[in-house]
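J.: Before I ask anything, here is the structure I am working with.
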Amino acid sequence: MPEQLVFAMEVFLNGLMAGVLYALVALGFVLIYKASGIFNYAQGVMALFAALTLVGIMDGQVPFSHLINAVFGTEIHHFGWHLPALLAIVLTMVVMIALAWLVNHFVFRHLVNQEPIILFMASIGLAYFLEGMGDIMWGADIKKLDVGLPQGINSAIDEITFGIFDYGFFIDNLDIVATGIAALLVVGLVIFAQYTKQGRAMRAVADDHQAALSVGISLNYIWVMVWSLAGFVALVAGIVWGTKSGVQFSLSLIALKALPVLMLGGFTSIPGAIVGGLIIGVGEKLFEFAIGPMIGGATENWFAYVLALIFLVFRPQGLFGEKIIERV
Amino acid sequence: MLDAGQTEENLLEVNNIEVIYNHVILVLKGVSLNVPKGGITALLGGNGAGKTTTLKSISNLLRSERGEVTKGSISYRGERIQDLAPSELVKKGVIQVMEGRHCFEHLTVEENLLTGAYTRKASRGDIDADLQLVYSYFPRLKERRRSQAGYTSGGEQQMVAIGRALMSRPETILLDEPSMGLAPQLVEEIFNIVKSLNEKEGATFLLAEQNTNVALRFAHYGYILESGRVVMDGPAQSLRENPDVKEFYLGMSDDGRKSFRDVRSYRRRKRWLS
């Protein structure tokens with residue numbers, strides 16, 4: 001087998017893994033957009049906030065410690081415990097649910113029936129608020145997150161591929177685990193949305209607020225539920241990305257990578273977020289590998305956006321987006 | 001003079017309510033009406049008369065549209081209901097079928113119907129039984145149960161909306177403009193179903209309708225609204241025979257059909273209020 005082809009295969013696999021990570025972020029967007037028509041700009045910051053909170057709780061950091069110390073002249077920083085990862089994840093989830101309730105109660109509940117652009121602006125505000133909140137609560141330094149996910153090269157794949165191609169593929173264990181988690185998440189969410197009473201109510205709210213109200217569905221309850229789910233997805237994304245590249249501000253920028261994924265997969269489709277993520281991941285890696293060297297590289301920065309642009313022209317609802325039902 | 005199936009017990013009493021939208025726009029200026037148990041009560045009037053607003057203030061869908069009942073009271077079975085959330089009203093047995101159908105377009109017909117049972121804590125068997133009941137009234141929906149509601153016809157969507165309300169096991173159905181945008185034959189079909197739901201299932205209806213002719217044929221009692229006020233009420237039979245109703249709402253007069261345009265302006269001004 002020609003060497004180039006083997007390289008391409010490795011690039012392809014790595015692209016798939018990267019795509020799964022993008023999809024993980026995109027999922028959170030889809031959930032909220034589907035149920036409330038809000039394009040939640042804060043999704044990336046939510047992932048950052050979740051990761052910060054998780055690290056803080058695990059390490060027993062005192063929230064707002066800088067503020068407290070500055071005001072009262074004290075010197076407290078740590079509770080002095082070190083919690084097991086699983087417990088810390090559960091506690092972080094509680095925080096995310098509380099956040100979901102607060103966001104709905106203080107912001108979006110009051111914006112029912114407003115224009116999408118107003119909701120979008122509110123979510124931008126929320127993003128900056130959360131970003132600042134994360135800093136004040138947990139400090140702005142870069143933190144290391146380790147919840148025990150395996151990391152490093154997967155030696156089994158390395159050996160097998162070496163046996164076949166005489167060339168060992170470099171696949172990160174973390175990426176493999178992330179793929180598994182993402183797959184579980186998607187299957188879970190699809191089952192929830194399609195086959196449960198609350199999931200059906202969620203889709204009903206997405207279609208028509210007023211009609212949902214009229215049959216006795218409580219919008220506030222559904223919205224808190226959806227924001228909690230998005231918080232959960234953000235937490236998962238935060239864990240995976242945080243483990244990969246440390247918990248720091250740039251984590252919130254992965255939201256920007258989710259945008260082309262959404263345009264490709266469709267804003268309203270859960271499986272679409274996954275497929276869109278995979279296409280973007282594979283596409284940008286392969287493009288960089290094949291075409292990149294000819295045009296000076298660094299194509300990964302823009303490839304996804306150009307692909308999204310092309311999609312917007314030819315299929316604005318995305319690959320799996322809900323058909324815009326128009327009757328005449 | 002009460003028709004068959006109607007008792008004197010009032011389920012719903014609306015007492016002199018005033019409704020204001022956005023804190024400034026006065027829409028209802030003192031509407032009072034009673035809905036007797038087991039009856040079909042019609043709310044008639046032209047565009048903008050306040051029919052929909054009256055229904056929405058009862059079902060409390062008003063608040064999500066920035067409307068507010070500022071005066072008067074609404075009670076159901078003697079209990080004040082105007083501060084209850086729509087979901088609590090649905091649990092009490094009052095459900096509104098909104099004007100213009102409002103189906104969940106991306107849900108299938110059957111899923112639409114199932115959302116109607118959202119507030120119920122019934123077993124799957126009970127809900128399935130009710131689903132079959134709805135299909136027995138609307139056999140067409142059974143054929144189309146797997147299609148997305150957004151792709152069904154206007155008549156079918158109206159059936160979905162009514163069927164969905166039935167799934168909540170309501171005692172009182174507030175039906176807003178069921179004839180809107182439907183062919184006369186379908187209007188007849190829908191009203192016949194309403195009638196048989198009223199007779200066989202004992203459902204009480206409060207019906208807002210512009211199609212005075214059809215509504216007065218099926219209802220027991222009627223209220224006529226104009227510019228946010230009740231200007232006339234009475235048993236359907238007597239409304240049908242009232243010369244003013246005939247002339248202004250049924251387009252007829254003693255000398256046959258007549259266009260409203262030909263009515264002299266002084267006569268036009270004689271419309272019960274002012």
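Residue names in the structure tokens use chain letters A, B, ... in the order shown, residue numbers from 1 in each chain, and ligand numbers from 1 in the order shown.
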Enumerate, in order of chain and increasing residue number, the residues of chain B with an atom no farther than 9 Å from chain A, each with its shortest atom pair and distance in Å to one decimal, counting only C-alpha atoms, as JSON lines.
T.:
{"residue": "B:Ser59", "atom": "CA", "partner": "A:Ser214", "partner_atom": "CA", "distance": 7.7}
{"residue": "B:Asn60", "atom": "CA", "partner": "A:Ser214", "partner_atom": "CA", "distance": 8.8}
{"residue": "B:Leu61", "atom": "CA", "partner": "A:Ser214", "partner_atom": "CA", "distance": 6.9}
{"residue": "B:Ser64", "atom": "CA", "partner": "A:Val112", "partner_atom": "CA", "distance": 7.3}
{"residue": "B:Glu65", "atom": "CA", "partner": "A:Asn113", "partner_atom": "CA", "distance": 7.7}
{"residue": "B:Ala85", "atom": "CA", "partner": "A:Gly216", "partner_atom": "CA", "distance": 8.4}
{"residue": "B:Pro86", "atom": "CA", "partner": "A:Gly216", "partner_atom": "CA", "distance": 5.7}
{"residue": "B:Ser87", "atom": "CA", "partner": "A:Gly216", "partner_atom": "CA", "distance": 3.6}
{"residue": "B:Glu88", "atom": "CA", "partner": "A:Gly216", "partner_atom": "CA", "distance": 7.1}
{"residue": "B:Leu89", "atom": "CA", "partner": "A:Gly216", "partner_atom": "CA", "distance": 7.7}
{"residue": "B:Val90", "atom": "CA", "partner": "A:Gly216", "partner_atom": "CA", "distance": 5.6}
{"residue": "B:Lys91", "atom": "CA", "partner": "A:Gly216", "partner_atom": "CA", "distance": 7.7}
{"residue": "B:Ile95", "atom": "CA", "partner": "A:Ser214", "partner_atom": "CA", "distance": 6.7}
{"residue": "B:Gln96", "atom": "CA", "partner": "A:Ser214", "partner_atom": "CA", "distance": 6.0}
{"residue": "B:Val97", "atom": "CA", "partner": "A:Ser214", "partner_atom": "CA", "distance": 7.3}
{"residue": "B:Met98", "atom": "CA", "partner": "A:Ala211", "partner_atom": "CA", "distance": 7.2}
{"residue": "B:Arg101", "atom": "CA", "partner": "A:Ala211", "partner_atom": "CA", "distance": 8.7}
{"residue": "B:His102", "atom": "CA", "partner": "A:Ala211", "partner_atom": "CA", "distance": 5.8}
{"residue": "B:Cys103", "atom": "CA", "partner": "A:Ala211", "partner_atom": "CA", "distance": 7.1}
{"residue": "B:Phe104", "atom": "CA", "partner": "A:Asp207", "partner_atom": "CA", "distance": 5.3}
{"residue": "B:Glu105", "atom": "CA", "partner": "A:Asp207", "partner_atom": "CA", "distance": 6.5}
{"residue": "B:His106", "atom": "CA", "partner": "A:Asp207", "partner_atom": "CA", "distance": 6.8}
{"residue": "B:Leu107", "atom": "CA", "partner": "A:Ala204", "partner_atom": "CA", "distance": 7.3}
{"residue": "B:Glu111", "atom": "CA", "partner": "A:Arg200", "partner_atom": "CA", "distance": 7.4}
{"residue": "B:Asn112", "atom": "CA", "partner": "A:Ala204", "partner_atom": "CA", "distance": 8.0}
{"residue": "B:Leu114", "atom": "CA", "partner": "A:Lys197", "partner_atom": "CA", "distance": 8.4}
{"residue": "B:Thr115", "atom": "CA", "partner": "A:Ala201", "partner_atom": "CA", "distance": 6.5}
{"residue": "B:Gly116", "atom": "CA", "partner": "A:Val215", "partner_atom": "CA", "distance": 5.5}
{"residue": "B:Ala117", "atom": "CA", "partner": "A:Val215", "partner_atom": "CA", "distance": 8.0}
{"residue": "B:Tyr118", "atom": "CA", "partner": "A:Ile217", "partner_atom": "CA", "distance": 6.7}
{"residue": "B:Thr119", "atom": "CA", "partner": "A:Gly216", "partner_atom": "CA", "distance": 6.2}
{"residue": "B:Gly150", "atom": "CA", "partner": "A:Ile325", "partner_atom": "CA", "distance": 6.5}
{"residue": "B:Tyr151", "atom": "CA", "partner": "A:Ile325", "partner_atom": "CA", "distance": 7.5}
{"residue": "B:Arg164", "atom": "CA", "partner": "A:Val215", "partner_atom": "CA", "distance": 7.8}
{"residue": "B:Ala165", "atom": "CA", "partner": "A:Val215", "partner_atom": "CA", "distance": 6.7}
{"residue": "B:Ser168", "atom": "CA", "partner": "A:Val215", "partner_atom": "CA", "distance": 7.7}
J.: Could you save the residues just selected, with C-alpha atoms, as a PDB file, in the first residue's frame?
T.:
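Once everything was written out, this is result.pdb:
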ATOM      1  CA  SER B  59     -57.837  29.648  29.549  1.00  0.00           C
ATOM      2  CA  ASN B  60     -55.260  32.192  30.739  1.00  0.00           C
ATOM      3  CA  LEU B  61     -53.229  32.050  27.564  1.00  0.00           C
ATOM      4  CA  SER B  64     -48.074  34.989  27.420  1.00  0.00           C
ATOM      5  CA  GLU B  65     -49.344  37.602  24.971  1.00  0.00           C
ATOM      6  CA  ALA B  85     -51.574  28.788  34.988  1.00  0.00           C
ATOM      7  CA  PRO B  86     -52.920  27.193  31.798  1.00  0.00           C
ATOM      8  CA  SER B  87     -51.538  23.825  32.902  1.00  0.00           C
ATOM      9  CA  GLU B  88     -53.555  23.956  36.131  1.00  0.00           C
ATOM     10  CA  LEU B  89     -56.669  24.803  34.165  1.00  0.00           C
ATOM     11  CA  VAL B  90     -56.092  21.840  31.892  1.00  0.00           C
ATOM     12  CA  LYS B  91     -55.879  19.659  34.994  1.00  0.00           C
ATOM     13  CA  ILE B  95     -58.773  23.329  27.644  1.00  0.00           C
ATOM     14  CA  GLN B  96     -58.630  25.667  24.699  1.00  0.00           C
ATOM     15  CA  VAL B  97     -58.367  24.694  21.053  1.00  0.00           C
ATOM     16  CA  MET B  98     -56.718  27.700  19.537  1.00  0.00           C
ATOM     17  CA  ARG B 101     -55.264  25.036  14.540  1.00  0.00           C
ATOM     18  CA  HIS B 102     -51.766  25.431  15.992  1.00  0.00           C
ATOM     19  CA  CYS B 103     -50.627  21.860  15.528  1.00  0.00           C
ATOM     20  CA  PHE B 104     -47.109  20.819  16.357  1.00  0.00           C
ATOM     21  CA  GLU B 105     -46.037  20.623  12.744  1.00  0.00           C
ATOM     22  CA  HIS B 106     -42.960  18.469  13.134  1.00  0.00           C
ATOM     23  CA  LEU B 107     -44.629  15.937  15.379  1.00  0.00           C
ATOM     24  CA  GLU B 111     -47.592  12.419  18.817  1.00  0.00           C
ATOM     25  CA  ASN B 112     -49.695  15.559  18.601  1.00  0.00           C
ATOM     26  CA  LEU B 114     -50.354  12.292  22.886  1.00  0.00           C
ATOM     27  CA  THR B 115     -49.163  15.743  23.948  1.00  0.00           C
ATOM     28  CA  GLY B 116     -52.780  16.394  24.899  1.00  0.00           C
ATOM     29  CA  ALA B 117     -52.397  13.845  27.672  1.00  0.00           C
ATOM     30  CA  TYR B 118     -49.332  15.619  29.077  1.00  0.00           C
ATOM     31  CA  THR B 119     -50.933  16.726  32.329  1.00  0.00           C
ATOM     32  CA  GLY B 150     -47.511  19.996   9.188  1.00  0.00           C
ATOM     33  CA  TYR B 151     -48.196  18.062   6.003  1.00  0.00           C
ATOM     34  CA  ARG B 164     -55.443  16.684  21.109  1.00  0.00           C
ATOM     35  CA  ALA B 165     -57.680  18.621  23.467  1.00  0.00           C
ATOM     36  CA  SER B 168     -56.733  15.708  28.254  1.00  0.00           C
TER      37      SER B 168
END
J.: Can you pull out every residue within 8 Å of Phe218 (chain B), counting only C-alpha atoms, but drop anything in the same chain fewer than 5 positions away, and send it as a ChimeraX atom specification?
T.: /B:40,191,195
J.: Write to file, as a PDB file, in the first residue's frame, the residues of the selection just made, with C-alpha atoms.
T.:
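As a result, again-v3.pdb now contains:
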ATOM      1  CA  ILE B  40     -72.804  24.334  23.490  1.00  0.00           C
ATOM      2  CA  PHE B 191     -69.533  20.825  13.779  1.00  0.00           C
ATOM      3  CA  LYS B 195     -72.289  18.002  18.438  1.00  0.00           C
TER       4      LYS B 195
END
J.: Can you tell me, as a short mmCIF file (atom, residue, chain, number, x, y, z; two decimals) with N, CA and C atoms, in the first residue's frame, what residues are no more than 10 Å from Ile32 (chain A) when counting only C-alpha atoms, ignoring any on the same chain fewer than 4 positions away?
T.:
data_model
loop_
_atom_site.label_atom_id
_atom_site.label_comp_id
_atom_site.auth_asym_id
_atom_site.auth_seq_id
_atom_site.Cartn_x
_atom_site.Cartn_y
_atom_site.Cartn_z
N LEU A 27 -23.89 19.75 20.04
CA LEU A 27 -25.08 19.13 20.64
C LEU A 27 -25.81 20.07 21.60
N GLY A 28 -25.03 20.74 22.42
CA GLY A 28 -25.63 21.66 23.38
C GLY A 28 -26.42 22.76 22.69
N SER A 36 -36.23 26.14 22.34
CA SER A 36 -36.64 27.50 22.66
C SER A 36 -36.31 28.50 21.57
N GLY A 37 -35.73 28.03 20.48
CA GLY A 37 -35.40 28.95 19.40
C GLY A 37 -34.30 29.93 19.75
N ILE A 38 -33.60 29.66 20.85
CA ILE A 38 -32.51 30.55 21.22
C ILE A 38 -31.21 29.98 20.66
N PHE A 39 -30.48 30.81 19.91
CA PHE A 39 -29.15 30.39 19.53
C PHE A 39 -28.25 30.77 20.70
N ASN A 40 -27.86 29.77 21.48
CA ASN A 40 -27.21 30.05 22.74
C ASN A 40 -25.71 30.28 22.56
N GLN A 43 -23.03 28.73 24.98
CA GLN A 43 -22.76 27.30 25.15
C GLN A 43 -21.28 27.00 25.40
N MET A 202 -40.89 18.54 24.91
CA MET A 202 -39.80 19.43 24.50
C MET A 202 -39.93 19.78 23.01
N ALA A 206 -40.87 23.33 21.10
CA ALA A 206 -40.05 23.84 20.02
C ALA A 206 -40.91 24.27 18.83
N TRP A 223 -38.08 24.54 29.75
CA TRP A 223 -36.87 25.31 29.49
C TRP A 223 -35.78 25.02 30.50
N MET A 225 -35.44 22.30 32.06
CA MET A 225 -34.97 20.96 31.72
C MET A 225 -33.98 21.01 30.56
N VAL A 226 -34.32 21.78 29.54
CA VAL A 226 -33.46 21.84 28.36
C VAL A 226 -32.12 22.51 28.69
N TRP A 227 -32.18 23.58 29.46
CA TRP A 227 -30.92 24.24 29.84
C TRP A 227 -30.08 23.32 30.73
N SER A 228 -30.74 22.51 31.54
CA SER A 228 -29.98 21.56 32.35
C SER A 228 -29.30 20.53 31.46
N LEU A 229 -30.06 20.04 30.46
CA LEU A 229 -29.47 19.08 29.53
C LEU A 229 -28.28 19.70 28.80
N ALA A 230 -28.48 20.95 28.36
CA ALA A 230 -27.38 21.63 27.68
C ALA A 230 -26.21 21.81 28.64
N PHE A 267 -29.47 23.02 12.49
CA PHE A 267 -29.59 23.50 13.87
C PHE A 267 -30.54 22.68 14.71
N THR A 268 -31.39 21.88 14.04
CA THR A 268 -32.45 21.24 14.80
C THR A 268 -32.29 19.73 14.91
#
J.: Got a sec: who's within 8 Å of Val109 (chain B), counting only C-alpha atoms, leaving out chain neighbours fewer than 2 positions off, as a VMD selection string?
T.: chain B and resid 107 111 to 113 141 144 to 149 160
J.: Mind checking which residues fall within 9 Å of Leu130 (chain A), counting only C-alpha atoms, ignoring those fewer than 5 positions away in the same chain, and posting them as a PDB file with N, CA and C atoms, in the first residue's frame?
T.:
ATOM      1  N   ALA A  42     -23.771  31.330  24.568  1.00  0.00           N
ATOM      2  CA  ALA A  42     -23.045  31.041  25.808  1.00  0.00           C
ATOM      3  C   ALA A  42     -22.663  29.569  25.967  1.00  0.00           C
ATOM      4  N   VAL A  45     -19.012  29.017  26.676  1.00  0.00           N
ATOM      5  CA  VAL A  45     -18.652  29.502  28.002  1.00  0.00           C
ATOM      6  C   VAL A  45     -19.209  28.581  29.078  1.00  0.00           C
ATOM      7  N   MET A  46     -20.375  27.997  28.785  1.00  0.00           N
ATOM      8  CA  MET A  46     -20.929  27.046  29.745  1.00  0.00           C
ATOM      9  C   MET A  46     -19.994  25.854  29.915  1.00  0.00           C
ATOM     10  N   PHE A  49     -17.200  27.107  32.041  1.00  0.00           N
ATOM     11  CA  PHE A  49     -17.666  27.275  33.409  1.00  0.00           C
ATOM     12  C   PHE A  49     -17.809  25.923  34.108  1.00  0.00           C
ATOM     13  N   GLY A 125     -24.935  38.352  26.205  1.00  0.00           N
ATOM     14  CA  GLY A 125     -24.763  38.933  27.539  1.00  0.00           C
ATOM     15  C   GLY A 125     -24.464  37.861  28.561  1.00  0.00           C
ATOM     16  N   ASP A 135     -14.321  33.459  36.286  1.00  0.00           N
ATOM     17  CA  ASP A 135     -13.053  34.042  36.753  1.00  0.00           C
ATOM     18  C   ASP A 135     -13.110  34.432  38.221  1.00  0.00           C
TER      19      ASP A 135
END
J.: Report the distance between CA of Gln114 (chain A) and CA of Asn220 (chain A) in Å, rounded to one decimal place.
T.: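 Here the two named atoms are 15.4 Å from each other.
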J.: Show me, as a list in words, the residues that have an atom within 12 Å of Val90 (chain A) when counting only C-alpha atoms, minus same-chain residues fewer than 2 positions from it.
T.: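 Contacts, in chain order: Ala50, Thr53, Leu54, Ile57, Met58, Leu83, Pro84, Ala85, Leu86, Leu87, Ala88, Thr92, Met93, Val94, Val95, Met96, Ile97, Phe232, Leu235 and Val236 of chain A.
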J.: Out of A:Val247, A:Ala308, A:Val224, A:Leu174, which residue has the shortest atom-to-atom distance to Val107 (chain A) when counting only C-alpha atoms?
T.: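 Looking only at the distances to Val107 (chain A), the closest residue turns out to be A:Val224.
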J.: With only C-alpha atoms as the counted atoms, please give the residues lying no more than 9 Å from Asn47 (chain B), apart from itself and same-chain residues fewer than 3 positions off, as JSON, numbers by chain.
T.: {"B": [50, 51, 210, 226]}
J.: For those residues, write C-alpha atoms to a file as a compact mmCIF listing (two decimals), in the first residue's frame.
T.:
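Done, and the output landed in result.txt:
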# COMPACT_ATOMS: atom_id res chain seq x y z
CA GLY B 50 -63.09 40.18 21.34
CA LYS B 51 -64.11 36.55 20.95
CA GLN B 210 -67.61 34.16 12.93
CA GLU B 226 -69.17 43.75 19.39
J.: Would you return as a VMD selection string the members of region 49-296 of chain A that DSSP assigns to helix (DSSP H, G or I) on this structure's backbone?
T.: chain A and resid 49 to 59 65 to 72 85 to 106 108 to 111 116 to 138 155 to 165 173 to 195 197 to 207 209 to 214 219 to 245 249 to 265 270 to 290 292 to 295
J.: Which of these, A:Tyr41, A:Val20, A:Asn69, A:Val55, has the shortest distance to Ile117 (chain A) once you count only C-alpha atoms?
T.: A:Tyr41
J.: Calculate how many Å separate CA of Met252 (chain B) from CA of Thr41 (chain B), rounding to one decimal.
T.: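 Distance reported for this atom pair: 22.7 Å.
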J.: Run DSSP on the backbone and grab whatever in region 133-300 of chain A lands in strand (DSSP E or B); send it over as a PDB file with N, CA and C atoms, in the first residue's frame.
T.:
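This is the output file selection-v7.pdb:
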ATOM      1  N   LYS A 143      -5.815  25.746  34.540  1.00  0.00           N
ATOM      2  CA  LYS A 143      -5.858  24.613  35.476  1.00  0.00           C
ATOM      3  C   LYS A 143      -5.766  23.297  34.724  1.00  0.00           C
ATOM      4  N   ILE A 153      -0.966   7.764  23.541  1.00  0.00           N
ATOM      5  CA  ILE A 153      -1.152   6.941  22.357  1.00  0.00           C
ATOM      6  C   ILE A 153      -1.744   5.585  22.714  1.00  0.00           C
ATOM      7  N   ASP A 172      -5.037   8.941  19.890  1.00  0.00           N
ATOM      8  CA  ASP A 172      -5.026   9.237  21.316  1.00  0.00           C
ATOM      9  C   ASP A 172      -6.154   8.470  22.021  1.00  0.00           C
ATOM     10  N   VAL A 247      -7.824  23.567  31.404  1.00  0.00           N
ATOM     11  CA  VAL A 247      -9.002  24.415  31.559  1.00  0.00           C
ATOM     12  C   VAL A 247      -8.559  25.868  31.521  1.00  0.00           C
TER      13      VAL A 247
END
J.: For CA of Leu216 (chain B) and CA of Thr52 (chain B), quote the distance in Å rounded to one decimal.
T.: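 Distance reported for this atom pair: 17.7 Å.
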J.: Here is a test: counting only C-alpha atoms, which residue of B:Thr70, B:Thr108, B:Asn34, B:Gln157 is nearest to Leu206 (chain B)?
T.: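 For Leu206 (chain B), the nearest of the given residues is B:Asn34.
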